[in-house]
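Here the structure is laid out as structure tokens; the discussion comes afterwards.
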Amino acid sequence: MTRATNWADPEHAAHYLARVRAARDRLLAEQADPRGEQQKVLTDFLAHNADTEFGRAHAFGRIRTVDEFRRAVPLQGFDAHAPYIERMAAGESNVLTADDPVVYFTSSGSTGAHKKIPVTRRFMRTAFFPFYYAAWAPLIEHFPDVMARPDAVLNLKHDPLAAPPTTADGHPHVGASQVDFGTAFGEPLAAELGTAAPWGTLPVDVAPDDHLEKIYLRLRMAVQSDLRCVIGINPAMIASLPYQLNLWWPRIVKEIHDGTLGGVPYRAPDPGRAAELSRLADYFGTVRPSHVWPRMRALFCWTTGVASLYLPALREEFGAGVVALPAPVAASEGPTGVPFDRHGSAGSLVLSASLYEFVDADADLTPDTETLLPHELEAGRDYHVIYSHVGGFYRYTVGDVVRVVDRVNGVPRVEYAGRSRLSDAVGERLRESQVVRAVRAALDGAGLHLRNVSCRVSEHGGGTPRYEFAVAPRTPWDATETARFATDVDAALRRESVGYRQAREAGKLARPETRLTEETAFLRDWQATVGSGTRPTQVKDRLFRQDPAQWERVAPSGRS
């Protein structure tokens, strides 16, 4: 992510807005011929990469149609691409792509290892940047004051590195939010909102892996600014902000009073602002973002998955009427959907970014699994996503599931529905999206609210296994509400999943149980994980927590 100092220039905002609108209008124009655009993507990456090792091995030069491409290349995940990528990272050329990668995005795989995602100039120009710019259109068009000042936005994912790690051939291997797009790809306008704020590059020394201290320093600085928007992408980062304000409040107020930052002289002491902040805490008994930033307008993050259960109430902590705009549907490997309006969760397929294929989410992915094309998708159904694009991923099973919400201009509009992993103890094959919908139904039915939730399959004393839900309630639940939640989740899961219903009817699964945790249990776990050295962008909500150590962190033994 580029850090641009010219956000302070009023003309920069005008240039940025023009670029964003042009990208959005281009993507919208492509919707006039969805199938034609997808054919163009296929033709382009086949021609561009025909003489690579992968292209020659799979006869790219002779392929003309999607069906021919399907027959030539099997479905394959990262493990199949990894040997090629490792050779590229070691300096070999013409392996997956005709042009060499400029950087490698990092992404956590299912084993927790950091994957290397090759990123080429052609991929960025043809697939990434149009999607990237267009994604900001709903925010800046409807809330233009976020561009009024460099410090109007707190961008929580912005984390520049002075000395980024590199691959063996010397290319940066970093998170997408750590890439300087201006230097790497000649895109100075790609600097995101908030990256030119005073805290965009911290003015005091802090260890690169001391992520909590970096969060604290940015938060302490932002308290003295008039924020209008918080950008998090990962909603767990935004959910942690109110908790962090209260956790660090005495230190923040003292540093504002003394004019220090991390104990180092920073600016003139401001006892007036410190006194004002102290009065807020005394009056309300707690500190909310709305107290500190009363003119907050918007949050920008993913709005589906577990976050869809807590965002409605979380928004109110940032202020009445604050809007949560959805971040685009994407993976480190490529774009999927981008919102063109203020829909709360969904975006249209980015037709020129990738050749998209889909498989019903209930099906297993094998090399020869039959796939569907965008025009064959049905609204209200969940699908595995498969990418093929000029950046070197071919029939790539990215591991994400999306739900088709509807169609606009004939193009599917999709929302992120979780990872493709299953919870499958006795054949129930539960997906994340099914459990989230069941939990939402149970909450709505009883008027309950939570801060977070996880579940696992539990076998108490070797008996019949059952699903156990760890719930951090936003306000206290009584015994009746707690019992009803388990009953209602059970009923909703029976409706959502044939496998779960059959397992319950066959006596393979017992009735679910609810375990109430402390209100801040998940927030403390997030804080501890980041404190251990994991980048905040990578610490996401975790619905399935089968690992005993992970479960114990949010639902300690002995608490019911």
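Naming scheme: A, B, ... for chains in displayed order of the structure tokens; residues 1 onward per chain; ligands 1 onward as shown.
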Skipping near chain neighbours, those fewer than 6 positions away, what residues fall within 9 Å of region 523-527 of chain A using only C-alpha atoms, listed as number ranges by chain? A: 212, 236-237, 239-240, 243-244, 451-452, 536, 539-541, 550, 553-554
Can you pull out the residues contacting Pro150 (chain A)? Cut-off 8 Å, using only C-alpha atoms, and skip same-chain residues under 2 positions away; I want them as number ranges by chain. A: 7-8, 147-148, 152-153, 193-198
So that I can check the surroundings of Ala50 (chain A), please list as a list in words every protein, DNA and RNA residue that reaches within 7 Å of it, counting only C-alpha atoms and ignoring chain neighbours fewer than 4 positions away.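 Once the adjacent positions are removed, what remains is Leu46, Gly55, Arg56, Phe60 and Gly61 of chain A.
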Write a file of the just-selected residues containing all heavy atoms, as a CSV table (one decimal), in the first residue's frame.
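Generated file (part.csv):
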```
chain,number,residue,atom,x,y,z
A,46,LEU,N,-4.2,-17.1,-21.9
A,46,LEU,CA,-3.7,-18.2,-22.7
A,46,LEU,C,-2.6,-17.7,-23.7
A,46,LEU,O,-1.6,-18.4,-23.8
A,46,LEU,CB,-4.8,-18.9,-23.5
A,46,LEU,CG,-5.8,-19.7,-22.7
A,46,LEU,CD1,-7.0,-20.2,-23.6
A,46,LEU,CD2,-5.2,-20.9,-22.1
A,55,GLY,N,2.2,-23.3,-19.5
A,55,GLY,CA,1.4,-23.2,-20.7
A,55,GLY,C,1.8,-24.2,-21.8
A,55,GLY,O,0.9,-24.7,-22.5
A,56,ARG,N,3.0,-24.5,-21.9
A,56,ARG,CA,3.4,-25.5,-22.9
A,56,ARG,C,2.9,-26.9,-22.5
A,56,ARG,O,2.5,-27.7,-23.3
A,56,ARG,CB,5.0,-25.5,-23.1
A,56,ARG,CG,5.5,-24.3,-23.8
A,56,ARG,CD,7.0,-24.5,-24.1
A,56,ARG,NE,7.8,-24.8,-23.0
A,56,ARG,CZ,8.4,-23.9,-22.2
A,56,ARG,NH1,8.3,-22.6,-22.5
A,56,ARG,NH2,9.2,-24.2,-21.2
A,60,PHE,N,-1.5,-24.5,-24.0
A,60,PHE,CA,-2.3,-23.2,-24.0
A,60,PHE,C,-2.4,-22.7,-25.4
A,60,PHE,O,-3.5,-22.1,-25.7
A,60,PHE,CB,-1.6,-22.2,-23.1
A,60,PHE,CG,-1.9,-22.2,-21.7
A,60,PHE,CD1,-2.5,-23.3,-21.1
A,60,PHE,CD2,-1.6,-21.2,-20.8
A,60,PHE,CE1,-2.8,-23.4,-19.8
A,60,PHE,CE2,-1.8,-21.2,-19.5
A,60,PHE,CZ,-2.5,-22.3,-18.9
A,61,GLY,N,-1.4,-22.9,-26.2
A,61,GLY,CA,-1.5,-22.4,-27.6
A,61,GLY,C,-2.6,-22.9,-28.5
A,61,GLY,O,-2.9,-22.3,-29.5
```
Select from region 278-497 of chain A everything DSSP, run on the backbone, classes as strand (DSSP E), then give the selection as number ranges by chain. A: 298-301, 323-326, 329-331, 334-338, 347-349, 355-360, 382-389, 393-408, 411-419, 422-423, 430-431, 450-458, 466-473
Test item: residues at most 9 Å from Leu422 (chain A), only C-alpha atoms, excluding those fewer than 4 positions along its chain, as a list of chain:residue names: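 These residues fall inside the cut-off: A:Glu428, A:Arg429, A:Leu430, A:Arg431, A:Glu432, A:Phe544.
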Which residues are close to Val471 (chain A), i.e. within 9 Å by only C-alpha atoms, leaving aside same-chain residues fewer than 2 positions away? Reply as a PyMOL selection string. chain A and resi 450-455+469+473+514-519+554-555
Can you spit out the residues from that selection as a compact mmCIF listing (two decimals), in the first residue's frame, using all heavy atoms?
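Result written to result-v2.txt:
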```
# COMPACT_ATOMS: atom_id res chain seq x y z
N LEU A 450 -24.80 -10.61 20.54
CA LEU A 450 -23.53 -11.15 21.03
C LEU A 450 -22.36 -10.32 20.51
O LEU A 450 -22.50 -9.53 19.58
CB LEU A 450 -23.38 -12.62 20.62
CG LEU A 450 -23.54 -13.04 19.15
CD1 LEU A 450 -22.39 -12.57 18.27
CD2 LEU A 450 -23.67 -14.55 19.05
N ARG A 451 -21.22 -10.54 21.14
CA ARG A 451 -19.98 -9.92 20.69
C ARG A 451 -19.18 -10.86 19.80
O ARG A 451 -18.46 -10.41 18.91
CB ARG A 451 -19.12 -9.48 21.87
CG ARG A 451 -19.70 -8.27 22.60
CD ARG A 451 -18.67 -7.62 23.50
NE ARG A 451 -19.23 -6.43 24.14
CZ ARG A 451 -19.21 -5.22 23.62
NH1 ARG A 451 -18.65 -5.03 22.43
NH2 ARG A 451 -19.73 -4.19 24.26
N ASN A 452 -19.31 -12.15 20.03
CA ASN A 452 -18.65 -13.12 19.16
C ASN A 452 -19.13 -14.52 19.55
O ASN A 452 -19.76 -14.70 20.59
CB ASN A 452 -17.13 -13.04 19.25
CG ASN A 452 -16.46 -13.32 17.91
OD1 ASN A 452 -16.78 -14.31 17.26
ND2 ASN A 452 -15.55 -12.45 17.50
N VAL A 453 -18.77 -15.49 18.69
CA VAL A 453 -19.22 -16.85 18.93
C VAL A 453 -18.26 -17.81 18.24
O VAL A 453 -17.70 -17.51 17.19
CB VAL A 453 -20.67 -17.07 18.41
CG1 VAL A 453 -20.75 -16.82 16.92
CG2 VAL A 453 -21.18 -18.45 18.76
N SER A 454 -18.06 -18.96 18.83
CA SER A 454 -17.35 -20.08 18.21
C SER A 454 -18.08 -21.36 18.58
O SER A 454 -18.89 -21.38 19.52
CB SER A 454 -15.90 -20.17 18.70
OG SER A 454 -15.08 -19.19 18.09
N CYS A 455 -17.77 -22.42 17.86
CA CYS A 455 -18.36 -23.70 18.21
C CYS A 455 -17.36 -24.82 17.98
O CYS A 455 -16.36 -24.66 17.28
CB CYS A 455 -19.65 -23.96 17.42
SG CYS A 455 -19.41 -24.18 15.64
N PHE A 469 -21.52 -24.34 21.75
CA PHE A 469 -21.34 -22.96 21.29
C PHE A 469 -20.82 -22.10 22.43
O PHE A 469 -21.44 -22.03 23.50
CB PHE A 469 -22.66 -22.39 20.76
CG PHE A 469 -23.05 -22.95 19.43
CD1 PHE A 469 -23.70 -24.18 19.35
CD2 PHE A 469 -22.76 -22.28 18.26
CE1 PHE A 469 -24.05 -24.73 18.13
CE2 PHE A 469 -23.11 -22.81 17.02
CZ PHE A 469 -23.75 -24.04 16.96
N PRO A 473 -21.94 -12.85 25.20
CA PRO A 473 -23.13 -12.01 25.04
C PRO A 473 -22.80 -10.53 25.16
O PRO A 473 -21.91 -10.14 25.92
CB PRO A 473 -24.04 -12.47 26.18
CG PRO A 473 -23.10 -12.98 27.21
CD PRO A 473 -21.93 -13.56 26.48
N THR A 514 -24.97 -24.53 25.06
CA THR A 514 -24.46 -23.16 25.03
C THR A 514 -23.58 -22.93 26.24
O THR A 514 -23.97 -23.24 27.36
CB THR A 514 -25.62 -22.14 25.06
OG1 THR A 514 -26.54 -22.44 24.01
CG2 THR A 514 -25.10 -20.73 24.90
N ARG A 515 -22.40 -22.40 26.00
CA ARG A 515 -21.53 -22.00 27.10
C ARG A 515 -21.30 -20.50 26.99
O ARG A 515 -20.69 -20.02 26.02
CB ARG A 515 -20.19 -22.73 27.05
CG ARG A 515 -19.26 -22.28 28.19
CD ARG A 515 -17.88 -22.88 28.10
NE ARG A 515 -17.89 -24.31 28.35
CZ ARG A 515 -16.79 -25.01 28.63
NH1 ARG A 515 -15.62 -24.40 28.69
NH2 ARG A 515 -16.86 -26.30 28.83
N LEU A 516 -21.81 -19.76 27.96
CA LEU A 516 -21.61 -18.31 27.97
C LEU A 516 -20.21 -18.00 28.48
O LEU A 516 -19.77 -18.53 29.50
CB LEU A 516 -22.66 -17.63 28.85
CG LEU A 516 -24.12 -17.79 28.41
CD1 LEU A 516 -25.01 -16.98 29.33
CD2 LEU A 516 -24.31 -17.36 26.97
N THR A 517 -19.52 -17.14 27.77
CA THR A 517 -18.19 -16.70 28.17
C THR A 517 -18.27 -15.26 28.65
O THR A 517 -19.32 -14.61 28.57
CB THR A 517 -17.21 -16.79 27.01
OG1 THR A 517 -17.47 -15.72 26.08
CG2 THR A 517 -17.32 -18.12 26.29
N GLU A 518 -17.17 -14.76 29.15
CA GLU A 518 -17.13 -13.35 29.52
C GLU A 518 -17.29 -12.48 28.28
O GLU A 518 -16.89 -12.87 27.17
CB GLU A 518 -15.80 -13.02 30.22
CG GLU A 518 -15.64 -13.71 31.56
CD GLU A 518 -14.34 -13.33 32.24
OE1 GLU A 518 -13.69 -12.37 31.77
OE2 GLU A 518 -13.96 -13.99 33.21
N GLU A 519 -17.87 -11.32 28.46
CA GLU A 519 -18.16 -10.44 27.33
C GLU A 519 -16.91 -10.13 26.51
O GLU A 519 -16.96 -9.99 25.28
CB GLU A 519 -18.79 -9.14 27.83
CG GLU A 519 -19.22 -8.18 26.74
CD GLU A 519 -19.82 -6.91 27.30
OE1 GLU A 519 -19.92 -6.79 28.53
OE2 GLU A 519 -20.16 -6.03 26.50
N VAL A 554 -11.10 -18.99 24.77
CA VAL A 554 -12.34 -18.21 24.82
C VAL A 554 -13.37 -18.80 25.77
O VAL A 554 -14.29 -18.10 26.20
CB VAL A 554 -12.95 -18.03 23.41
CG1 VAL A 554 -12.01 -17.25 22.51
CG2 VAL A 554 -13.31 -19.37 22.79
N ALA A 555 -13.24 -20.08 26.08
CA ALA A 555 -14.21 -20.75 26.96
C ALA A 555 -13.45 -21.61 27.96
O ALA A 555 -13.43 -22.84 27.85
CB ALA A 555 -15.18 -21.59 26.14
```
Please identify all polymer residues within 10 Å of Gly392 (chain A), counting only C-alpha atoms, omitting same-chain residues fewer than 5 positions from it, and present them as a VMD selection string. chain A and resid 45 49 52 54 to 55 81 84 to 85 95 to 99 101 117 to 120 123 333 387
N, CA and C atoms of the current selection, written as a PDB file, in the first residue's frame:
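Saved to selection.pdb:
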```pdb
ATOM      1  N   PHE A  45      -5.001 -14.612 -21.061  1.00  0.00           N
ATOM      2  CA  PHE A  45      -3.982 -15.318 -20.277  1.00  0.00           C
ATOM      3  C   PHE A  45      -3.435 -16.524 -21.015  1.00  0.00           C
ATOM      4  N   ASN A  49       0.625 -16.321 -21.630  1.00  0.00           N
ATOM      5  CA  ASN A  49       1.421 -17.313 -20.908  1.00  0.00           C
ATOM      6  C   ASN A  49       1.573 -18.632 -21.662  1.00  0.00           C
ATOM      7  N   THR A  52       5.065 -20.309 -21.432  1.00  0.00           N
ATOM      8  CA  THR A  52       5.625 -20.652 -20.127  1.00  0.00           C
ATOM      9  C   THR A  52       5.695 -22.173 -19.990  1.00  0.00           C
ATOM     10  N   PHE A  54       4.249 -23.996 -17.734  1.00  0.00           N
ATOM     11  CA  PHE A  54       2.904 -24.503 -17.484  1.00  0.00           C
ATOM     12  C   PHE A  54       2.067 -24.418 -18.759  1.00  0.00           C
ATOM     13  N   GLY A  55       2.205 -23.314 -19.492  1.00  0.00           N
ATOM     14  CA  GLY A  55       1.434 -23.156 -20.722  1.00  0.00           C
ATOM     15  C   GLY A  55       1.770 -24.191 -21.769  1.00  0.00           C
ATOM     16  N   HIS A  81       0.157 -25.624  -7.144  1.00  0.00           N
ATOM     17  CA  HIS A  81       0.850 -24.453  -7.686  1.00  0.00           C
ATOM     18  C   HIS A  81       2.178 -24.187  -6.978  1.00  0.00           C
ATOM     19  N   TYR A  84       5.825 -24.717  -8.521  1.00  0.00           N
ATOM     20  CA  TYR A  84       6.129 -23.730  -9.546  1.00  0.00           C
ATOM     21  C   TYR A  84       6.484 -22.383  -8.908  1.00  0.00           C
ATOM     22  N   ILE A  85       5.690 -21.978  -7.909  1.00  0.00           N
ATOM     23  CA  ILE A  85       5.900 -20.684  -7.273  1.00  0.00           C
ATOM     24  C   ILE A  85       7.243 -20.639  -6.554  1.00  0.00           C
ATOM     25  N   VAL A  95       7.857 -19.651 -15.793  1.00  0.00           N
ATOM     26  CA  VAL A  95       7.363 -20.885 -15.190  1.00  0.00           C
ATOM     27  C   VAL A  95       5.835 -20.922 -15.253  1.00  0.00           C
ATOM     28  N   LEU A  96       5.187 -20.032 -14.510  1.00  0.00           N
ATOM     29  CA  LEU A  96       3.724 -19.901 -14.577  1.00  0.00           C
ATOM     30  C   LEU A  96       3.300 -18.697 -15.407  1.00  0.00           C
ATOM     31  N   THR A  97       4.139 -17.669 -15.423  1.00  0.00           N
ATOM     32  CA  THR A  97       3.800 -16.412 -16.090  1.00  0.00           C
ATOM     33  C   THR A  97       4.951 -15.952 -16.977  1.00  0.00           C
ATOM     34  N   ALA A  98       4.579 -15.257 -18.056  1.00  0.00           N
ATOM     35  CA  ALA A  98       5.602 -14.759 -18.965  1.00  0.00           C
ATOM     36  C   ALA A  98       6.396 -13.618 -18.351  1.00  0.00           C
ATOM     37  N   ASP A  99       5.759 -12.830 -17.519  1.00  0.00           N
ATOM     38  CA  ASP A  99       6.469 -11.751 -16.830  1.00  0.00           C
ATOM     39  C   ASP A  99       6.752 -12.175 -15.394  1.00  0.00           C
ATOM     40  N   PRO A 101       7.250 -12.043 -11.356  1.00  0.00           N
ATOM     41  CA  PRO A 101       6.585 -11.326 -10.262  1.00  0.00           C
ATOM     42  C   PRO A 101       7.430 -10.151  -9.778  1.00  0.00           C
ATOM     43  N   ILE A 117       2.261 -15.608  -2.851  1.00  0.00           N
ATOM     44  CA  ILE A 117       1.333 -15.347  -3.946  1.00  0.00           C
ATOM     45  C   ILE A 117       2.048 -14.458  -4.954  1.00  0.00           C
ATOM     46  N   PRO A 118       2.454 -14.985  -6.125  1.00  0.00           N
ATOM     47  CA  PRO A 118       3.185 -14.158  -7.093  1.00  0.00           C
ATOM     48  C   PRO A 118       2.294 -13.069  -7.674  1.00  0.00           C
ATOM     49  N   VAL A 119       2.851 -11.869  -7.792  1.00  0.00           N
ATOM     50  CA  VAL A 119       2.092 -10.722  -8.290  1.00  0.00           C
ATOM     51  C   VAL A 119       2.893 -10.073  -9.414  1.00  0.00           C
ATOM     52  N   THR A 120       2.348 -10.111 -10.621  1.00  0.00           N
ATOM     53  CA  THR A 120       3.035  -9.563 -11.790  1.00  0.00           C
ATOM     54  C   THR A 120       2.448  -8.209 -12.176  1.00  0.00           C
ATOM     55  N   PHE A 123      -0.838  -8.646 -14.202  1.00  0.00           N
ATOM     56  CA  PHE A 123      -1.978  -8.955 -13.343  1.00  0.00           C
ATOM     57  C   PHE A 123      -2.475  -7.696 -12.642  1.00  0.00           C
ATOM     58  N   GLU A 333      -5.049 -14.097  -3.718  1.00  0.00           N
ATOM     59  CA  GLU A 333      -4.785 -14.602  -5.062  1.00  0.00           C
ATOM     60  C   GLU A 333      -5.548 -13.869  -6.153  1.00  0.00           C
ATOM     61  N   TYR A 387     -10.469 -19.721  -9.571  1.00  0.00           N
ATOM     62  CA  TYR A 387      -9.851 -18.645 -10.351  1.00  0.00           C
ATOM     63  C   TYR A 387      -8.986 -19.204 -11.467  1.00  0.00           C
TER      64      TYR A 387
END
```
Quick one: residues within 8 Å of region 63-74 of chain A, only C-alpha atoms counted, chain neighbours fewer than 5 positions away excluded, as a PyMOL selection string? chain A and resi 39+42-43+46+58+367-368+394-395
Next, the residues of the selection above should be written as a CSV table (one decimal), in the first residue's frame with N, CA, C and O atoms.
```csv
chain,number,residue,atom,x,y,z
A,39,GLN,N,-14.6,-14.6,-21.9
A,39,GLN,CA,-13.8,-15.1,-23.0
A,39,GLN,C,-12.6,-14.3,-23.3
A,39,GLN,O,-11.5,-14.9,-23.6
A,42,LEU,N,-10.0,-15.4,-20.7
A,42,LEU,CA,-9.4,-16.6,-21.1
A,42,LEU,C,-8.4,-16.5,-22.3
A,42,LEU,O,-7.2,-17.0,-22.2
A,43,THR,N,-8.8,-15.8,-23.3
A,43,THR,CA,-7.9,-15.6,-24.5
A,43,THR,C,-6.7,-14.9,-24.1
A,43,THR,O,-5.6,-15.2,-24.6
A,46,LEU,N,-4.2,-17.1,-21.9
A,46,LEU,CA,-3.7,-18.2,-22.7
A,46,LEU,C,-2.6,-17.7,-23.7
A,46,LEU,O,-1.6,-18.4,-23.8
A,58,HIS,N,0.4,-27.7,-20.8
A,58,HIS,CA,-1.1,-27.8,-20.9
A,58,HIS,C,-1.6,-27.3,-22.3
A,58,HIS,O,-2.8,-27.0,-22.4
A,367,PRO,N,-9.9,-33.1,-8.8
A,367,PRO,CA,-9.4,-32.6,-10.1
A,367,PRO,C,-10.3,-32.6,-11.2
A,367,PRO,O,-10.3,-31.7,-12.1
A,368,ASP,N,-11.3,-33.5,-11.2
A,368,ASP,CA,-12.2,-33.6,-12.4
A,368,ASP,C,-13.7,-33.2,-12.0
A,368,ASP,O,-14.6,-33.5,-12.8
A,394,TYR,N,-4.3,-21.2,-12.3
A,394,TYR,CA,-5.1,-21.8,-13.3
A,394,TYR,C,-6.0,-22.9,-12.7
A,394,TYR,O,-5.5,-23.8,-12.1
A,395,ARG,N,-7.3,-22.6,-12.8
A,395,ARG,CA,-8.4,-23.5,-12.2
A,395,ARG,C,-8.0,-23.7,-10.8
A,395,ARG,O,-8.0,-24.8,-10.3
```
